[in-house]
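The next block is data.txt, given as compact mmCIF, C-alpha atoms.
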```
# COMPACT_ATOMS: atom_id res chain seq x y z
CA MET A 1 0.00 0.00 0.00
CA THR A 2 2.82 2.38 0.90
CA ALA A 3 4.50 1.73 -2.44
CA LYS A 4 1.24 2.51 -4.27
CA ILE A 5 0.87 5.77 -2.37
CA VAL A 6 4.43 6.77 -3.21
CA LEU A 7 3.87 5.98 -6.88
CA ALA A 8 0.61 7.92 -6.88
CA VAL A 9 2.26 10.95 -5.31
CA ALA A 10 5.18 10.74 -7.74
CA GLY A 11 2.79 10.50 -10.68
CA ALA A 12 0.76 13.48 -9.49
CA THR A 13 3.94 15.50 -8.97
CA LEU A 14 5.16 14.73 -12.46
CA PHE A 15 1.78 15.63 -13.95
CA ALA A 16 1.76 18.92 -12.05
CA PHE A 17 5.27 19.74 -13.25
CA VAL A 18 4.40 19.07 -16.88
CA LEU A 19 1.17 21.06 -16.58
CA LEU A 20 3.02 23.98 -15.01
CA TYR A 21 5.61 23.92 -17.78
CA ILE A 22 2.94 23.97 -20.44
CA LEU A 23 0.84 26.71 -18.87
CA LYS A 24 3.53 29.11 -17.68
CA PRO A 25 4.77 31.88 -20.02
CA HIS A 26 7.54 30.70 -22.32
CA GLY A 27 9.16 34.04 -23.02
CA GLU A 28 7.12 34.30 -26.18
CA PHE A 29 9.24 35.47 -29.05
CA THR A 30 7.82 38.06 -31.41
CA MET A 31 8.83 37.42 -35.01
CA PRO A 32 10.47 40.66 -36.23
CA GLU A 33 8.99 42.55 -39.17
CA ASN A 34 10.82 44.54 -41.87
CA PHE A 35 13.58 41.95 -41.88
CA PRO A 36 16.55 42.57 -44.20
CA VAL A 37 16.88 40.27 -47.21
CA LEU A 38 20.22 38.92 -48.35
CA ASP A 39 20.83 38.81 -52.10
CA ALA A 40 23.17 35.84 -52.50
CA ALA A 41 24.19 36.98 -55.98
CA LYS A 42 25.87 40.01 -54.41
CA VAL A 43 27.94 37.93 -51.99
CA GLY A 44 30.59 36.51 -54.30
CA SER A 45 31.05 32.84 -55.17
CA GLU A 46 28.80 30.80 -57.43
CA ALA A 47 25.27 29.63 -56.76
CA GLU A 48 24.51 26.22 -55.27
CA ALA A 49 23.69 23.34 -57.59
CA GLY A 50 21.96 20.06 -56.78
CA THR A 51 20.44 19.01 -53.47
CA GLN A 52 22.12 20.67 -50.50
CA THR A 53 22.31 20.19 -46.73
CA ALA A 54 21.83 22.84 -44.04
CA THR A 55 22.18 22.29 -40.30
CA PHE A 56 20.70 24.68 -37.74
CA ALA A 57 20.32 24.75 -33.97
CA ASN A 58 17.76 27.23 -32.71
CA GLY A 59 16.03 25.76 -29.71
CA CYS A 60 13.90 22.68 -29.16
CA PHE A 61 14.05 20.54 -32.29
CA TRP A 62 10.40 19.61 -31.98
CA CYS A 63 9.68 23.26 -32.82
CA THR A 64 12.33 23.86 -35.45
CA GLU A 65 11.56 20.65 -37.30
CA ALA A 66 7.89 21.63 -37.59
CA VAL A 67 8.80 25.06 -38.96
CA PHE A 68 11.17 23.94 -41.72
CA GLN A 69 9.13 20.93 -42.78
CA ARG A 70 6.51 23.30 -44.13
CA LEU A 71 8.75 25.18 -46.56
CA LYS A 72 8.70 24.63 -50.30
CA GLY A 73 11.98 23.17 -51.48
CA VAL A 74 12.69 21.43 -48.18
CA GLU A 75 12.76 17.73 -48.97
CA LYS A 76 13.68 16.28 -45.58
CA VAL A 77 14.22 17.42 -41.98
CA VAL A 78 15.91 15.23 -39.39
CA SER A 79 16.08 16.10 -35.68
CA GLY A 80 19.34 15.29 -33.98
CA TYR A 81 22.43 16.32 -32.08
CA ILE A 82 25.62 18.07 -33.20
CA GLY A 83 28.55 20.04 -31.85
CA GLY A 84 29.45 17.89 -28.85
CA ALA A 85 32.30 15.63 -27.83
CA ARG A 86 30.57 12.36 -26.91
CA PRO A 87 29.80 9.97 -29.80
CA ASN A 88 26.27 8.69 -30.24
CA PRO A 89 24.73 10.81 -27.48
CA THR A 90 21.34 10.00 -26.02
CA TYR A 91 18.60 12.55 -25.47
CA GLU A 92 19.18 12.36 -21.73
CA GLN A 93 22.90 13.10 -22.15
CA VAL A 94 22.17 16.08 -24.40
CA CYS A 95 19.47 17.43 -22.06
CA THR A 96 21.79 17.41 -19.06
CA GLY A 97 24.52 19.15 -21.04
CA VAL A 98 27.13 16.45 -20.38
CA SER A 99 27.60 15.61 -24.06
CA GLY A 100 28.03 19.22 -25.21
CA HIS A 101 25.73 18.76 -28.20
CA ALA A 102 23.05 21.13 -29.41
CA GLU A 103 19.55 20.06 -30.35
CA ALA A 104 19.56 20.64 -34.09
CA ILE A 105 17.91 19.84 -37.37
CA GLN A 106 19.55 18.73 -40.59
CA ILE A 107 17.73 19.91 -43.70
CA THR A 108 17.92 18.50 -47.19
CA TYR A 109 16.74 21.15 -49.64
CA ASP A 110 16.58 22.06 -53.31
CA PRO A 111 18.35 25.41 -53.87
CA ALA A 112 16.46 25.81 -57.14
CA VAL A 113 13.31 26.22 -55.03
CA ILE A 114 14.58 27.74 -51.77
CA SER A 115 18.00 29.31 -51.30
CA PHE A 116 20.32 29.10 -48.31
CA PRO A 117 19.76 32.81 -47.50
CA GLU A 118 15.99 32.16 -47.46
CA LEU A 119 16.53 29.31 -45.02
CA LEU A 120 18.69 31.65 -42.93
CA GLU A 121 15.90 34.22 -42.85
CA VAL A 122 13.44 31.63 -41.52
CA PHE A 123 16.08 30.45 -39.04
CA TRP A 124 16.70 33.90 -37.59
CA ARG A 125 13.07 35.00 -37.62
CA SER A 126 11.71 31.88 -35.94
CA HIS A 127 13.74 32.11 -32.72
CA ASP A 128 15.51 34.67 -30.56
CA PRO A 129 19.15 34.71 -31.74
CA THR A 130 20.16 37.27 -29.10
CA THR A 131 19.88 35.02 -26.03
CA LYS A 132 22.93 32.87 -25.34
CA ASN A 133 22.15 29.22 -24.55
CA ARG A 134 18.47 29.95 -24.09
CA GLN A 135 15.13 29.97 -25.89
CA GLY A 136 12.31 31.11 -23.62
CA ASN A 137 12.25 28.80 -20.62
CA ASP A 138 14.50 26.25 -22.33
CA VAL A 139 17.93 26.95 -20.87
CA GLY A 140 21.25 25.22 -21.49
CA THR A 141 24.00 24.90 -24.09
CA GLN A 142 21.82 22.37 -25.94
CA TYR A 143 19.54 25.28 -26.85
CA ARG A 144 22.27 27.54 -28.26
CA SER A 145 21.73 29.39 -31.52
CA SER A 146 24.09 27.92 -34.11
CA ILE A 147 24.63 27.59 -37.83
CA PHE A 148 26.75 24.57 -38.72
CA TYR A 149 28.04 25.32 -42.21
CA HIS A 150 28.88 22.57 -44.70
CA ASN A 151 31.02 24.62 -47.05
CA GLU A 152 32.70 28.02 -47.33
CA ARG A 153 29.78 29.40 -49.30
CA GLN A 154 27.37 28.75 -46.43
CA LYS A 155 29.85 30.24 -43.96
CA GLN A 156 30.23 33.39 -46.05
CA LEU A 157 26.49 33.88 -46.51
CA ALA A 158 25.76 33.31 -42.81
CA GLU A 159 28.44 35.76 -41.67
CA VAL A 160 27.39 38.47 -44.13
CA TYR A 161 23.72 38.05 -43.22
CA LYS A 162 24.46 38.14 -39.50
CA THR A 163 26.35 41.42 -39.92
CA LYS A 164 23.51 42.84 -42.02
CA ILE A 165 20.97 41.99 -39.30
CA ASP A 166 23.05 43.62 -36.58
CA THR A 167 23.68 46.70 -38.71
CA ALA A 168 19.94 47.07 -39.32
CA LYS A 169 19.33 46.70 -35.55
CA VAL A 170 16.50 44.28 -36.19
CA PHE A 171 16.76 42.95 -32.64
CA PRO A 172 17.17 44.96 -29.42
CA ALA A 173 20.48 43.19 -28.76
CA PRO A 174 23.32 41.81 -30.93
CA VAL A 175 22.89 38.41 -32.56
CA VAL A 176 24.87 35.75 -30.66
CA THR A 177 24.39 32.94 -33.18
CA GLU A 178 27.60 30.97 -33.56
CA ILE A 179 28.70 30.09 -37.09
CA VAL A 180 30.86 26.98 -36.94
CA PRO A 181 31.87 24.04 -39.18
CA ALA A 182 29.47 21.12 -39.27
CA THR A 183 30.71 18.09 -37.38
CA THR A 184 29.15 14.64 -37.02
CA PHE A 185 25.37 14.85 -36.88
CA TYR A 186 23.63 12.16 -34.84
CA PRO A 187 19.94 11.62 -35.64
CA ALA A 188 17.81 11.72 -32.50
CA GLU A 189 15.79 8.78 -31.26
CA GLY A 190 12.87 7.75 -33.46
CA TYR A 191 10.15 9.18 -31.22
CA HIS A 192 11.62 12.68 -31.71
CA GLN A 193 11.26 12.59 -35.50
CA ASN A 194 8.22 14.27 -37.07
CA TYR A 195 7.12 14.99 -33.50
CA PHE A 196 4.65 17.81 -34.03
CA ASN A 197 2.94 16.18 -37.01
CA ASP A 198 2.52 12.93 -35.08
CA ASN A 199 1.46 14.54 -31.80
CA PRO A 200 -0.49 17.72 -32.65
CA ARG A 201 -2.70 17.50 -29.55
CA GLN A 202 0.12 16.92 -27.07
CA GLY A 203 0.27 19.74 -24.52
CA TYR A 204 3.65 21.17 -25.51
CA CYS A 205 2.73 21.04 -29.18
CA ARG A 206 -0.50 22.96 -28.62
CA ALA A 207 0.98 25.54 -26.25
CA VAL A 208 4.37 26.20 -27.84
CA ILE A 209 4.79 24.73 -31.32
CA GLN A 210 1.38 25.49 -32.86
CA PRO A 211 1.61 29.26 -32.18
CA LYS A 212 5.06 29.31 -33.79
CA VAL A 213 3.81 27.44 -36.85
CA ASP A 214 0.84 29.83 -37.07
CA LYS A 215 3.22 32.82 -37.09
CA LEU A 216 5.28 31.17 -39.81
CA SER A 217 2.16 30.68 -41.91
CA LYS A 218 1.43 34.40 -41.79
CA VAL A 219 4.94 35.72 -42.37
CA PHE A 220 6.13 33.17 -44.94
CA ALA A 221 2.84 32.26 -46.61
CA GLU A 222 4.32 32.35 -50.11
CA LYS A 223 7.10 29.94 -49.10
CA LEU A 224 4.87 27.24 -47.64
CA LYS A 225 4.01 23.96 -49.29
```
Could you quickly redo this structure as structure tokens?
Amino acid sequence: MTAKIVLAVAGATLFAFVLLYILKPHGEFTMPENFPVLDAAKVGSEAEAGTQTATFANGCFWCTEAVFQRLKGVEKVVSGYIGGARPNPTYEQVCTGVSGHAEAIQITYDPAVISFPELLEVFWRSHDPTTKNRQGNDVGTQYRSSIFYHNERQKQLAEVYKTKIDTAKVFPAPVVTEIVPATTFYPAEGYHQNYFNDNPRQGYCRAVIQPKVDKLSKVFAEKLK
């Protein structure tokens, strides 16, 4: 009987914690308007050809995956971990910060339909790139804002665009997004993939992800599938 009581109390405590997390304010991020556009043709080098890969970290990958999946030209989005020291990290290891990885998404896209600068615009406008190791109430190095470039062209475009955003003072504080070489990307566990689409009525999805997707639909309507 005592064991059952303990389990009941533990279950109620966990439920209360989850409910509190869902209901409390999440430092709602307002998607900036009048955002500068980067013309890739004016930033040296030649245009991309063939299917390309982009890797971004900008908060919880349940959210970021849902955002980029809806863009025309995006063929595949995989949630995973990158930028740490421990091989084959688990979600628990990433969440506690011991592995050093960031929650990230790896995007396969067609540059003939959507360019890397356009992906960068969605990246920067769909999270707060001025808060170091934090997105709303999600705090830790796993939530850092990062662009993991796969070639010098991506590095150049990201750096030029970042400077342009800061110069235009789009945000009230400087952009802290790190622009670093892509290292080994480890796909996250299966239950993390396609999370929002598979669990649209889950509490976190309804309270946090759906509002972000709704904002995307308004701002980037012409880019959606």
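Taking atom CA of A:Lys223 as the reference point, atom CA of A:Pro200 is found at 21.9 Å.
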Which distance in Å separates atom CA of A:Pro172 and atom CA of A:Val219, to one decimal?
20.1 Å
Env of A:Pro187: 9 Å cut, atoms = all atoms listed in the file, seq-sep filter 2 positions within chain, self excluded. Answer as a list in words.
Val78, Ser79, Gly80, Tyr81, Ile82, Asn88, Ile105, Gln106, Phe185, Glu189, Gly190 and Gln193 of chain A
As number ranges by chain, please: the residues near A:Pro181 (cut-off 12 Å, only C-alpha atoms, same-chain neighbours under 4 positions excluded).
A: 54-56, 82-83, 146-156, 158, 185
Mind pulling up the distance from atom CA of A:Lys212 to atom CA of A:Lys169?
22.6 Å
Counting all atoms listed in the file, which residue out of A:Asn34, A:Gln52, A:Thr90, A:Thr184 sits closest to A:Thr108?
A:Gln52
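Closest approach to A:His127 among A:His192, A:Asn197, A:Cys63, A:Gly203: A:Cys63, based on only C-alpha atoms.
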Nearest to A:Ala104 by atom-to-atom distance, counting all atoms listed in the file, from A:Gly59, A:Gly50, A:Pro32, A:Pro129
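Smallest distance to A:Ala104 is found for A:Gly59.
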Counting all atoms listed in the file, which of A:Leu224, A:Cys205, A:Val43, A:Val175 gets nearest to A:Trp124?
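Closest candidate: A:Val175.
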Determine the nearest neighbour of A:Lys72 from the options A:Tyr91, A:Ile114, A:Val180, A:Ala221, counting only C-alpha atoms.
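Looking only at the distances to A:Lys72, the closest residue turns out to be A:Ile114.
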If you count all atoms listed in the file, which residues fall within 9 Å of A:Gly100, apart from same-chain ones fewer than 2 positions away, as a CSV table (one decimal) with C-alpha atoms, in the coordinates of the input?
```
chain,number,residue,atom,x,y,z
A,82,ILE,CA,25.6,18.1,-33.2
A,83,GLY,CA,28.6,20.0,-31.8
A,84,GLY,CA,29.4,17.9,-28.8
A,85,ALA,CA,32.3,15.6,-27.8
A,86,ARG,CA,30.6,12.4,-26.9
A,93,GLN,CA,22.9,13.1,-22.2
A,94,VAL,CA,22.2,16.1,-24.4
A,96,THR,CA,21.8,17.4,-19.1
A,97,GLY,CA,24.5,19.2,-21.0
A,98,VAL,CA,27.1,16.4,-20.4
A,102,ALA,CA,23.0,21.1,-29.4
A,141,THR,CA,24.0,24.9,-24.1
A,142,GLN,CA,21.8,22.4,-25.9
```
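With only C-alpha atoms as the atoms that count, the residue of A:Thr130, A:Leu216, A:Glu33, A:Val208 with the shortest distance to A:Leu71 is A:Leu216.
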Please list, as a PyMOL selection string, the residues that have an atom at most 8 Å away from (23.1, 38.2, -37.8) in the coordinates of this file, counting all atoms listed in the file.
chain A and resi 124+158-166+174-177
